[in-house]
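Enquirer: Right, I'll just put the structure down here and ask away after.
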Amino acid sequence: MATVKPSGDPYDRIYAVVRRIPRGRVATYGQIADLAGLDGRARQVGYAMRTLAIEGVPWHRVVNSRGQISARAEPGGDRVQRQLLEREGVTFDAADRLELAHYRWRPKMDGRPSRRPRAQASL
DNA sequence: CATATGGCTCAAC
DNA sequence: TGTTGAGCCATAT
């Protein structure tokens, strides 16, 4: 019995999206957030995973926008994620990054409104 | 209820 | 390529 979050909410959608990531493909937190309807809240996507310690959800297919595995709270955890990806055919370069342009998952996104750009501070 | 982080992201240097 | 700065918001204390 996992430490289930009270109230199903957005988290359920996040898992649903992550689960839809095909094998050998990866997605970014921002992408998941976008698909889950949490546009702009990429952080919470990562949070949802860390806090819930999911089962049956290919969390390892979720990386940051640089195509790199972010360091997580657990020691060596990022290493595990990398191995899981390599096992699915994903290769990493010397900088521990994968070619997002090649591995990024592209869902249909039919009829979904584009995410609104954040208001950048005027410099 | 107020702070302090944090598996993020984008734009500009 | 990497660094810096600012925005976002849920968890943790």
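Identifiers for the structure tokens are assigned positionally: chains receive A, B, ... in sequence, residues are indexed from 1 per chain, and ligands are indexed from 1 in the order shown.
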Any idea which chain B residues end up within 12 Å of chain A if we count only C-alpha atoms (C1' of nucleotides), as a PyMOL selection string please?

Expert: chain B and resi 5-12

Enquirer: Convert the current residue selection to file output with C-alpha atoms (C1' of nucleotides), as a CSV table (one decimal), in the first residue's frame.

Expert:
```csv
chain,number,residue,atom,x,y,z
B,5,DT,C1',13.5,23.5,-0.4
B,6,DG,C1',13.0,21.0,-4.6
B,7,DG,C1',13.9,14.5,-9.8
B,8,DC,C1',11.8,21.9,-13.5
B,9,DT,C1',11.9,25.2,-17.4
B,10,DC,C1',12.8,29.1,-20.4
B,11,DA,C1',15.4,33.0,-21.9
B,12,DA,C1',19.6,35.6,-21.9
```

Enquirer: Please identify every residue of chain C that has at least one atom no farther than 7 Å from an atom of chain A, counting only C-alpha atoms (C1' of nucleotides), and for each give the shortest atom pair and the distance in Å to one decimal, arranged by chain then increasing number, as a tab-separated table.

Expert:
```
residue	atom	partner	partner_atom	distance
C:DA6	C1'	A:Ala121	CA	6.9
C:DC8	C1'	A:Arg41	CA	6.2
C:DA10	C1'	A:Gln44	CA	6.3
```

Enquirer: Restricting the calculation to only C-alpha atoms, which member of A:Val57, A:Ala33, A:Val18, A:Val26 is positioned closest to Arg97 in chain A?

Expert: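 Of A:Val57, A:Ala33, A:Val18, A:Val26, the one nearest Arg97 in chain A, counting only C-alpha atoms, is A:Val26.
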
Enquirer: Find the distance between CA of Leu38 in chain A and CA of Ile14 in chain A and write it in Å to one decimal.

Expert: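 Between CA of Leu38 in chain A and CA of Ile14 in chain A the gap works out to 8.7 Å.
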
Enquirer: Just asking: which residues within range 20-118 of chain A are alpha helix (DSSP H) according to DSSP, as a PyMOL selection string?

Expert: chain A and resi 29-35+42-52+77-87+100-103

Enquirer: Output the selection as an mmCIF file, in the first residue's frame - C-alpha atoms for each residue.

Expert:
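So the final result, stored in result_11.cif, reads:
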```
data_model
loop_
_atom_site.group_PDB
_atom_site.id
_atom_site.type_symbol
_atom_site.label_atom_id
_atom_site.label_comp_id
_atom_site.auth_asym_id
_atom_site.auth_seq_id
_atom_site.Cartn_x
_atom_site.Cartn_y
_atom_site.Cartn_z
ATOM 1 C CA TYR A 29 8.778 16.652 -16.937
ATOM 2 C CA GLY A 30 7.443 19.646 -18.751
ATOM 3 C CA GLN A 31 6.031 17.440 -21.437
ATOM 4 C CA ILE A 32 4.291 15.221 -18.918
ATOM 5 C CA ALA A 33 2.929 18.254 -17.157
ATOM 6 C CA ASP A 34 1.655 19.606 -20.406
ATOM 7 C CA LEU A 35 -0.048 16.379 -21.386
ATOM 8 C CA ALA A 42 6.790 20.501 -14.443
ATOM 9 C CA ARG A 43 8.215 20.479 -10.985
ATOM 10 C CA GLN A 44 5.170 18.969 -9.431
ATOM 11 C CA VAL A 45 5.384 16.158 -11.931
ATOM 12 C CA GLY A 46 8.743 15.192 -10.554
ATOM 13 C CA TYR A 47 7.438 15.692 -7.068
ATOM 14 C CA ALA A 48 4.565 13.379 -7.689
ATOM 15 C CA MET A 49 7.029 10.629 -8.453
ATOM 16 C CA ARG A 50 9.452 11.228 -5.670
ATOM 17 C CA THR A 51 6.875 11.404 -2.955
ATOM 18 C CA LEU A 52 4.799 8.492 -4.104
ATOM 19 C CA GLY A 77 19.096 6.364 -7.820
ATOM 20 C CA ASP A 78 19.929 8.261 -10.938
ATOM 21 C CA ARG A 79 22.281 5.479 -11.866
ATOM 22 C CA VAL A 80 19.448 2.997 -11.678
ATOM 23 C CA GLN A 81 17.324 5.127 -13.946
ATOM 24 C CA ARG A 82 20.062 5.272 -16.508
ATOM 25 C CA GLN A 83 20.494 1.523 -16.506
ATOM 26 C CA LEU A 84 16.783 1.008 -16.907
ATOM 27 C CA LEU A 85 16.815 3.248 -19.945
ATOM 28 C CA GLU A 86 19.850 1.600 -21.425
ATOM 29 C CA ARG A 87 18.069 -1.662 -21.019
ATOM 30 C CA LEU A 100 16.206 13.952 -26.791
ATOM 31 C CA ALA A 101 15.639 14.787 -30.422
ATOM 32 C CA HIS A 102 15.772 11.103 -31.136
ATOM 33 C CA TYR A 103 14.203 9.493 -28.094
#
```

Enquirer: Tell me, as a short mmCIF file (atom, residue, chain, number, x, y, z; two decimals) with N, CA and C atoms (P, O5', C5', C4', C3', O3' and C1' of nucleotides), in the first residue's frame, which residues lie within 12 Å of DA4 in chain B, counting only C-alpha atoms (C1' of nucleotides); anything in the same chain fewer than 6 positions away does not count.

Expert:
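The resulting file, part-v1.cif, is reproduced below:
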```cif
data_model
loop_
_atom_site.label_atom_id
_atom_site.label_comp_id
_atom_site.auth_asym_id
_atom_site.auth_seq_id
_atom_site.Cartn_x
_atom_site.Cartn_y
_atom_site.Cartn_z
P DT C 11 1.29 17.53 -2.94
"O5'" DT C 11 2.47 17.10 -1.96
"C5'" DT C 11 3.39 18.08 -1.60
"C4'" DT C 11 4.66 17.46 -1.06
"C3'" DT C 11 4.49 16.92 0.35
"O3'" DT C 11 5.52 15.98 0.62
"C1'" DT C 11 5.62 19.00 0.38
P DA C 12 5.59 15.34 2.12
"O5'" DA C 12 6.54 16.35 2.93
"C5'" DA C 12 7.81 16.66 2.41
"C4'" DA C 12 8.64 17.46 3.41
"C3'" DA C 12 8.42 17.11 4.89
"O3'" DA C 12 9.68 17.16 5.57
"C1'" DA C 12 7.94 19.38 4.54
P DT C 13 9.82 16.52 7.09
"O5'" DT C 13 10.18 17.78 7.98
"C5'" DT C 13 9.88 19.06 7.46
"C4'" DT C 13 10.46 20.12 8.37
"C3'" DT C 13 10.17 19.91 9.85
"O3'" DT C 13 11.15 20.59 10.65
"C1'" DT C 13 8.90 21.73 9.05
#
```

Enquirer: Provide the CA of Glu88 in chain A to CA of Ala16 in chain A distance in Å, to one decimal place.

Expert: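 If I compute the distance from CA of Glu88 in chain A to CA of Ala16 in chain A, I get 19.9 Å.
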
Enquirer: What is the distance, in Å and to one decimal place, between CA of Glu55 in chain A and CA of Arg106 in chain A?

Expert: 23.4 Å
